[in-house]
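Content type mmCIF, C-alpha atoms, pLDDT in the B column; chains and numbers go by the auth columns, from the file start_3.cif:
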```
data_start
#
loop_
_atom_site.group_PDB
_atom_site.id
_atom_site.type_symbol
_atom_site.label_atom_id
_atom_site.label_comp_id
_atom_site.label_asym_id
_atom_site.label_seq_id
_atom_site.Cartn_x
_atom_site.Cartn_y
_atom_site.Cartn_z
_atom_site.B_iso_or_equiv
_atom_site.auth_seq_id
_atom_site.auth_asym_id
ATOM 1 C CA MET A 1 0.000 0.000 0.000 54.00 1166 A
ATOM 2 C CA ALA A 2 1.436 3.332 -1.027 62.00 1167 A
ATOM 3 C CA VAL A 3 1.727 6.120 1.475 62.00 1168 A
ATOM 4 C CA ARG A 4 -0.601 8.942 0.481 64.00 1169 A
ATOM 5 C CA ALA A 5 -0.438 12.370 2.071 61.00 1170 A
ATOM 6 C CA LYS A 6 -3.613 14.264 2.873 67.00 1171 A
ATOM 7 C CA LYS A 7 -2.333 17.340 1.050 70.00 1172 A
ATOM 8 C CA ILE A 8 -0.280 16.458 -2.008 73.00 1173 A
ATOM 9 C CA GLN A 9 2.120 19.071 -3.282 83.00 1174 A
ATOM 10 C CA PRO A 10 1.420 20.083 -6.900 85.00 1175 A
ATOM 11 C CA ALA A 11 4.861 18.950 -8.103 86.00 1176 A
ATOM 12 C CA LYS A 12 4.377 15.515 -6.571 86.00 1177 A
ATOM 13 C CA ALA A 13 0.853 15.192 -7.971 86.00 1178 A
ATOM 14 C CA GLU A 14 2.209 16.099 -11.401 89.00 1179 A
ATOM 15 C CA ALA A 15 5.011 13.512 -11.077 88.00 1180 A
ATOM 16 C CA ILE A 16 2.454 10.830 -10.168 88.00 1181 A
ATOM 17 C CA GLU A 17 0.239 11.805 -13.118 90.00 1182 A
ATOM 18 C CA ASN A 18 3.255 11.633 -15.453 90.00 1183 A
ATOM 19 C CA ALA A 19 4.130 8.183 -14.099 89.00 1184 A
ATOM 20 C CA LYS A 20 0.535 6.990 -14.606 89.00 1185 A
ATOM 21 C CA LYS A 21 0.558 8.328 -18.159 91.00 1186 A
ATOM 22 C CA ILE A 22 3.831 6.566 -18.962 89.00 1187 A
ATOM 23 C CA PHE A 23 2.848 3.281 -17.257 90.00 1188 A
ATOM 24 C CA SER A 24 -0.544 3.161 -18.977 88.00 1189 A
ATOM 25 C CA GLU A 25 1.203 3.060 -22.376 90.00 1190 A
ATOM 26 C CA TYR A 26 2.867 -0.279 -21.556 90.00 1191 A
ATOM 27 C CA ASN A 27 1.576 -3.776 -20.799 88.00 1192 A
ATOM 28 C CA ASP A 28 4.559 -5.348 -19.068 91.00 1193 A
ATOM 29 C CA PHE A 29 6.933 -4.122 -16.370 94.00 1194 A
ATOM 30 C CA ILE A 30 10.160 -5.694 -15.130 94.00 1195 A
ATOM 31 C CA PHE A 31 11.674 -4.370 -11.898 94.00 1196 A
ATOM 32 C CA ALA A 32 15.387 -4.493 -11.135 93.00 1197 A
ATOM 33 C CA ASP A 33 17.843 -3.188 -8.561 92.00 1198 A
ATOM 34 C CA TYR A 34 20.415 -1.051 -10.329 91.00 1199 A
ATOM 35 C CA ARG A 35 22.569 -0.052 -7.346 90.00 1200 A
ATOM 36 C CA GLY A 36 26.221 -0.099 -8.400 90.00 1201 A
ATOM 37 C CA LEU A 37 25.737 0.338 -12.144 90.00 1202 A
ATOM 38 C CA THR A 38 27.668 3.126 -13.828 91.00 1203 A
ATOM 39 C CA VAL A 39 26.057 5.710 -16.072 92.00 1204 A
ATOM 40 C CA GLU A 40 27.743 4.069 -19.073 93.00 1205 A
ATOM 41 C CA GLN A 41 26.278 0.679 -18.161 92.00 1206 A
ATOM 42 C CA ILE A 42 22.774 2.097 -17.736 92.00 1207 A
ATOM 43 C CA THR A 43 23.096 3.912 -21.070 93.00 1208 A
ATOM 44 C CA ALA A 44 24.220 0.689 -22.771 93.00 1209 A
ATOM 45 C CA LEU A 45 21.286 -1.180 -21.234 93.00 1210 A
ATOM 46 C CA ARG A 46 18.851 1.513 -22.385 93.00 1211 A
ATOM 47 C CA ASP A 47 20.255 1.257 -25.915 93.00 1212 A
ATOM 48 C CA LYS A 48 19.785 -2.525 -25.974 92.00 1213 A
ATOM 49 C CA LEU A 49 16.227 -2.215 -24.693 92.00 1214 A
ATOM 50 C CA ARG A 50 15.408 0.518 -27.195 92.00 1215 A
ATOM 51 C CA GLU A 51 16.138 -1.988 -29.998 91.00 1216 A
ATOM 52 C CA LYS A 52 13.199 -4.068 -28.669 88.00 1217 A
ATOM 53 C CA ASN A 53 10.922 -1.008 -28.322 89.00 1218 A
ATOM 54 C CA ALA A 54 11.277 -1.109 -24.547 92.00 1219 A
ATOM 55 C CA VAL A 55 12.028 1.726 -22.153 93.00 1220 A
ATOM 56 C CA LEU A 56 14.026 1.846 -18.935 92.00 1221 A
ATOM 57 C CA LYS A 57 12.823 4.350 -16.310 91.00 1222 A
ATOM 58 C CA VAL A 58 13.707 5.297 -12.771 89.00 1223 A
ATOM 59 C CA VAL A 59 10.687 6.552 -10.817 87.00 1224 A
ATOM 60 C CA LYS A 60 10.432 7.288 -7.103 90.00 1225 A
ATOM 61 C CA ASN A 61 9.096 4.144 -5.450 88.00 1226 A
ATOM 62 C CA ASN A 62 6.161 5.786 -3.682 89.00 1227 A
ATOM 63 C CA PHE A 63 5.112 7.621 -6.859 89.00 1228 A
ATOM 64 C CA ALA A 64 5.325 4.348 -8.774 90.00 1229 A
ATOM 65 C CA ARG A 65 3.264 2.513 -6.120 90.00 1230 A
ATOM 66 C CA ILE A 66 0.508 5.115 -6.313 89.00 1231 A
ATOM 67 C CA ALA A 67 0.578 5.152 -10.120 89.00 1232 A
ATOM 68 C CA PHE A 68 0.393 1.338 -10.340 89.00 1233 A
ATOM 69 C CA GLU A 69 -2.478 1.259 -7.836 88.00 1234 A
ATOM 70 C CA ASP A 70 -4.361 3.866 -9.867 86.00 1235 A
ATOM 71 C CA ILE A 71 -3.947 1.983 -13.163 87.00 1236 A
ATOM 72 C CA LYS A 72 -4.902 -1.305 -11.450 87.00 1237 A
ATOM 73 C CA VAL A 73 -1.592 -3.173 -11.699 84.00 1238 A
ATOM 74 C CA GLU A 74 -1.518 -5.413 -8.626 86.00 1239 A
ATOM 75 C CA GLY A 75 1.300 -7.201 -6.821 84.00 1240 A
ATOM 76 C CA VAL A 76 4.172 -4.871 -7.693 87.00 1241 A
ATOM 77 C CA ALA A 77 4.547 -3.028 -4.377 87.00 1242 A
ATOM 78 C CA ASP A 78 6.996 -5.669 -3.106 87.00 1243 A
ATOM 79 C CA TYR A 79 9.381 -4.911 -5.970 89.00 1244 A
ATOM 80 C CA LEU A 80 9.363 -1.165 -5.315 89.00 1245 A
ATOM 81 C CA SER A 81 11.891 -0.953 -2.506 88.00 1246 A
ATOM 82 C CA GLY A 82 15.415 0.353 -2.686 88.00 1247 A
ATOM 83 C CA PRO A 83 16.895 1.706 -5.909 89.00 1248 A
ATOM 84 C CA THR A 84 14.549 0.356 -8.573 91.00 1249 A
ATOM 85 C CA VAL A 85 14.614 0.689 -12.321 93.00 1250 A
ATOM 86 C CA ILE A 86 11.585 -0.336 -14.385 93.00 1251 A
ATOM 87 C CA ALA A 87 11.913 -1.856 -17.854 93.00 1252 A
ATOM 88 C CA MET A 88 8.641 -1.373 -19.718 93.00 1253 A
ATOM 89 C CA ALA A 89 7.561 -3.254 -22.837 90.00 1254 A
ATOM 90 C CA LYS A 90 4.479 -3.202 -25.028 88.00 1255 A
ATOM 91 C CA GLU A 91 5.161 -6.648 -26.493 84.00 1256 A
ATOM 92 C CA ASP A 92 7.828 -9.370 -26.458 84.00 1257 A
ATOM 93 C CA SER A 93 8.491 -8.847 -22.772 87.00 1258 A
ATOM 94 C CA ASN A 94 10.290 -12.175 -22.593 88.00 1259 A
ATOM 95 C CA GLU A 95 12.946 -10.778 -24.923 90.00 1260 A
ATOM 96 C CA VAL A 96 13.239 -7.690 -22.723 91.00 1261 A
ATOM 97 C CA ALA A 97 13.675 -9.963 -19.697 92.00 1262 A
ATOM 98 C CA LYS A 98 16.314 -11.928 -21.600 92.00 1263 A
ATOM 99 C CA ILE A 99 18.231 -8.710 -22.288 92.00 1264 A
ATOM 100 C CA LEU A 100 18.131 -7.830 -18.584 93.00 1265 A
ATOM 101 C CA PHE A 101 19.332 -11.264 -17.464 93.00 1266 A
ATOM 102 C CA ASP A 102 22.069 -11.341 -20.122 92.00 1267 A
ATOM 103 C CA PHE A 103 23.173 -7.853 -19.085 92.00 1268 A
ATOM 104 C CA ALA A 104 23.212 -8.957 -15.427 91.00 1269 A
ATOM 105 C CA LYS A 105 25.768 -11.660 -16.324 91.00 1270 A
ATOM 106 C CA ASP A 106 28.221 -8.940 -17.410 89.00 1271 A
ATOM 107 C CA ALA A 107 27.141 -6.444 -14.734 89.00 1272 A
ATOM 108 C CA PRO A 108 26.229 -8.386 -11.586 89.00 1273 A
ATOM 109 C CA ALA A 109 25.124 -5.144 -9.904 89.00 1274 A
ATOM 110 C CA LEU A 110 21.875 -5.430 -11.888 91.00 1275 A
ATOM 111 C CA ALA A 111 19.471 -7.756 -10.090 91.00 1276 A
ATOM 112 C CA VAL A 112 16.007 -8.492 -11.462 92.00 1277 A
ATOM 113 C CA LYS A 113 13.476 -8.395 -8.608 92.00 1278 A
ATOM 114 C CA GLY A 114 10.279 -9.403 -10.374 91.00 1279 A
ATOM 115 C CA ALA A 115 7.772 -8.340 -12.991 91.00 1280 A
ATOM 116 C CA SER A 116 4.191 -7.683 -13.913 90.00 1281 A
ATOM 117 C CA ILE A 117 3.387 -9.401 -17.206 88.00 1282 A
ATOM 118 C CA GLU A 118 -0.139 -8.774 -18.521 86.00 1283 A
ATOM 119 C CA LYS A 119 -1.050 -7.604 -14.982 83.00 1284 A
ATOM 120 C CA GLU A 120 0.155 -10.873 -13.398 87.00 1285 A
ATOM 121 C CA ALA A 121 2.957 -10.667 -10.818 88.00 1286 A
ATOM 122 C CA TYR A 122 6.072 -12.760 -11.511 89.00 1287 A
ATOM 123 C CA ASP A 123 8.814 -13.306 -8.962 90.00 1288 A
ATOM 124 C CA ALA A 124 12.494 -13.317 -9.978 88.00 1289 A
ATOM 125 C CA ALA A 125 12.599 -17.084 -10.643 90.00 1290 A
ATOM 126 C CA LYS A 126 9.432 -17.035 -12.740 91.00 1291 A
ATOM 127 C CA ILE A 127 10.563 -14.059 -14.831 90.00 1292 A
ATOM 128 C CA GLU A 128 13.921 -15.764 -15.415 89.00 1293 A
ATOM 129 C CA ALA A 129 12.134 -18.893 -16.681 89.00 1294 A
ATOM 130 C CA TYR A 130 9.878 -16.665 -18.812 87.00 1295 A
ATOM 131 C CA SER A 131 12.958 -15.014 -20.347 86.00 1296 A
ATOM 132 C CA LYS A 132 14.085 -18.393 -21.717 87.00 1297 A
ATOM 133 C CA VAL A 133 10.872 -18.930 -23.703 82.00 1298 A
ATOM 134 C CA PRO A 134 11.102 -17.930 -27.386 79.00 1299 A
ATOM 135 C CA GLY A 135 9.305 -14.744 -28.389 74.00 1300 A
ATOM 136 C CA LYS A 136 6.102 -14.624 -30.429 74.00 1301 A
ATOM 137 C CA LYS A 137 7.940 -13.927 -33.678 76.00 1302 A
ATOM 138 C CA GLN A 138 10.312 -16.833 -33.059 77.00 1303 A
ATOM 139 C CA LEU A 139 7.416 -19.146 -32.240 75.00 1304 A
ATOM 140 C CA TYR A 140 5.602 -18.110 -35.427 77.00 1305 A
ATOM 141 C CA ALA A 141 8.771 -18.761 -37.447 78.00 1306 A
ATOM 142 C CA MET A 142 9.167 -22.181 -35.837 77.00 1307 A
ATOM 143 C CA LEU A 143 5.534 -23.019 -36.585 81.00 1308 A
ATOM 144 C CA MET A 144 5.789 -21.881 -40.190 83.00 1309 A
ATOM 145 C CA SER A 145 8.990 -23.853 -40.781 81.00 1310 A
ATOM 146 C CA ALA A 146 7.367 -26.955 -39.267 82.00 1311 A
ATOM 147 C CA MET A 147 4.362 -26.513 -41.567 83.00 1312 A
ATOM 148 C CA ASN A 148 6.480 -25.636 -44.594 80.00 1313 A
ATOM 149 C CA GLY A 149 8.393 -28.949 -44.725 79.00 1314 A
ATOM 150 C CA PRO A 150 5.438 -31.272 -45.434 82.00 1315 A
ATOM 151 C CA VAL A 151 3.911 -28.784 -47.887 79.00 1316 A
ATOM 152 C CA GLN A 152 7.176 -28.610 -49.853 82.00 1317 A
ATOM 153 C CA LYS A 153 7.357 -32.411 -49.959 82.00 1318 A
ATOM 154 C CA LEU A 154 3.758 -32.599 -51.196 81.00 1319 A
ATOM 155 C CA ALA A 155 4.434 -29.972 -53.869 82.00 1320 A
ATOM 156 C CA ALA A 156 7.589 -31.794 -55.012 82.00 1321 A
ATOM 157 C CA THR A 157 5.713 -35.119 -55.158 86.00 1322 A
ATOM 158 C CA LEU A 158 2.854 -33.610 -57.173 84.00 1323 A
ATOM 159 C CA LYS A 159 5.297 -31.941 -59.555 84.00 1324 A
ATOM 160 C CA ALA A 160 7.224 -35.192 -60.024 85.00 1325 A
ATOM 161 C CA TYR A 161 3.939 -37.007 -60.695 84.00 1326 A
ATOM 162 C CA ALA A 162 2.862 -34.348 -63.195 85.00 1327 A
ATOM 163 C CA ASP A 163 6.251 -34.521 -64.939 85.00 1328 A
ATOM 164 C CA SER A 164 6.080 -38.333 -65.167 85.00 1329 A
ATOM 165 C CA LYS A 165 2.571 -38.133 -66.731 82.00 1330 A
ATOM 166 C CA SER A 166 3.660 -35.531 -69.294 80.00 1331 A
ATOM 167 C CA GLU A 167 6.526 -37.750 -70.513 71.00 1332 A
#
```
What does the file become when written as structure tokens?
Amino acid sequence: MAVRAKKIQPAKAEAIENAKKIFSEYNDFIFADYRGLTVEQITALRDKLREKNAVLKVVKNNFARIAFEDIKVEGVADYLSGPTVIAMAKEDSNEVAKILFDFAKDAPALAVKGASIEKEAYDAAKIEAYSKVPGKKQLYAMLMSAMNGPVQKLAATLKAYADSKSE
């Protein structure tokens, strides 16, 4: 539960509204502790995430708690303690999680705390397992290649049959 003051200062209310506006644009959120990362490392991580149309933001924990409560994202308050960075994705969140875990191998200061995927809370172990699943595009490619093999064989057989009849 976020701490709410009776009288909210205008600057804080504006910061919460901005956070709500940003969070409402995304479906999936991955929370990580970034204590100990250098500015160069954070910039490199942001660049990698930008390639997957994901964003990395640092928001005050209490502001983030209030914003998530207001947009009805449950179960994330536990991840909003200490220095927290939020990776936000509209789609292919498993690939975003994979980037974070791969980056954490090179920079152990980055520690994934948990996530909210399609408004379902994931702990660190579950989000790590989720990061190992192929993305939607990869799954579609695998499905199409599996379907393509038998169709090619059928087409080759029919063509060979047609060629043998024409001779």
Shell around range 1258-1269 of chain A at 7 Å using all atoms listed in the file, local window under 6 positions removed, as a list in words: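 The residues satisfying every condition are Asp1193, Leu1214, Lys1217, Leu1275, Ala1276, Tyr1295, Ser1296, Lys1297, Val1298 and Gly1300 of chain A.
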Selection result for the PyMOL selection byres ((chain A and resi 1197) around 6) on this file, as a list in words: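 With the PyMOL selection byres ((chain A and resi 1197) around 6) on this model, the match is Phe1196, Asp1198, Thr1249, Val1250, Ala1276, Val1277 and Lys1278 of chain A.
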Return the single residue from A:Ile1282, A:Lys1225, A:Ala1209, A:Gly1201 that is closest to Glu1239 in chain A, with distances computed using only C-alpha atoms.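 Ranking A:Ile1282, A:Lys1225, A:Ala1209, A:Gly1201 by distance to Glu1239 in chain A, first place goes to A:Ile1282.
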Might you pull out every residue within 12 Å of Glu1285 in chain A, with only C-alpha atoms counted and same-chain residues fewer than 2 positions away left off, and present them as a compact mmCIF listing (two decimals) with C-alpha atoms, in the frame of the given file?
```txt
# COMPACT_ATOMS: atom_id res chain seq x y z
CA ASN A 1192 1.58 -3.78 -20.80
CA ASP A 1193 4.56 -5.35 -19.07
CA PHE A 1194 6.93 -4.12 -16.37
CA ILE A 1195 10.16 -5.69 -15.13
CA LYS A 1237 -4.90 -1.30 -11.45
CA VAL A 1238 -1.59 -3.17 -11.70
CA GLU A 1239 -1.52 -5.41 -8.63
CA GLY A 1240 1.30 -7.20 -6.82
CA VAL A 1241 4.17 -4.87 -7.69
CA GLY A 1279 10.28 -9.40 -10.37
CA ALA A 1280 7.77 -8.34 -12.99
CA SER A 1281 4.19 -7.68 -13.91
CA ILE A 1282 3.39 -9.40 -17.21
CA GLU A 1283 -0.14 -8.77 -18.52
CA TYR A 1287 6.07 -12.76 -11.51
CA ASP A 1288 8.81 -13.31 -8.96
CA LYS A 1291 9.43 -17.04 -12.74
CA ILE A 1292 10.56 -14.06 -14.83
```
How many Å separate CA of Ala1286 in chain A from CA of Pro1299 in chain A? 19.8 Å
Using the chain letters and numbers from this file, what does the PyMOL selection byres ((chain A and resi 1232) around 12) select? Give the answer as a ChimeraX atom specification. /A:1166-1169,1177-1189,1224-1231,1233-1239,1241-1242,1245
Counting only C-alpha atoms, which of A:Lys1318, A:Ala1294, A:Ala1219, A:Met1312 gets nearest to Glu1256 in chain A?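 When distances to Glu1256 in chain A are compared using only C-alpha atoms, the smallest one comes from A:Ala1219.
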Could you check which of A:Glu1190, A:Met1307, A:Gln1174, A:Lys1284 is closest to Met1253 in chain A, using only C-alpha atoms?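 Selected residue with least distance to Met1253 in chain A: A:Glu1190.
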Please compute the CA of Ile1251 in chain A-CA of Ala1306 in chain A distance, one decimal, in Å. 29.7 Å
So what do you get for CA of Tyr1305 in chain A versus CA of Ala1321 in chain A, distance-wise? 24.0 Å
Among the residues A:Glu1205, A:Asp1257, A:Glu1332, A:Asp1243, the one that comes closest to Gln1303 in chain A [using only C-alpha atoms]: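 Using only C-alpha atoms, Gln1303 in chain A sits closest to A:Asp1257.
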Option closest in space to Gly1247 in chain A, from A:Ala1176, A:Tyr1199, A:Leu1221, A:Ile1207 [counting all atoms listed in the file]: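 The closest residue to Gly1247 in chain A is A:Tyr1199.
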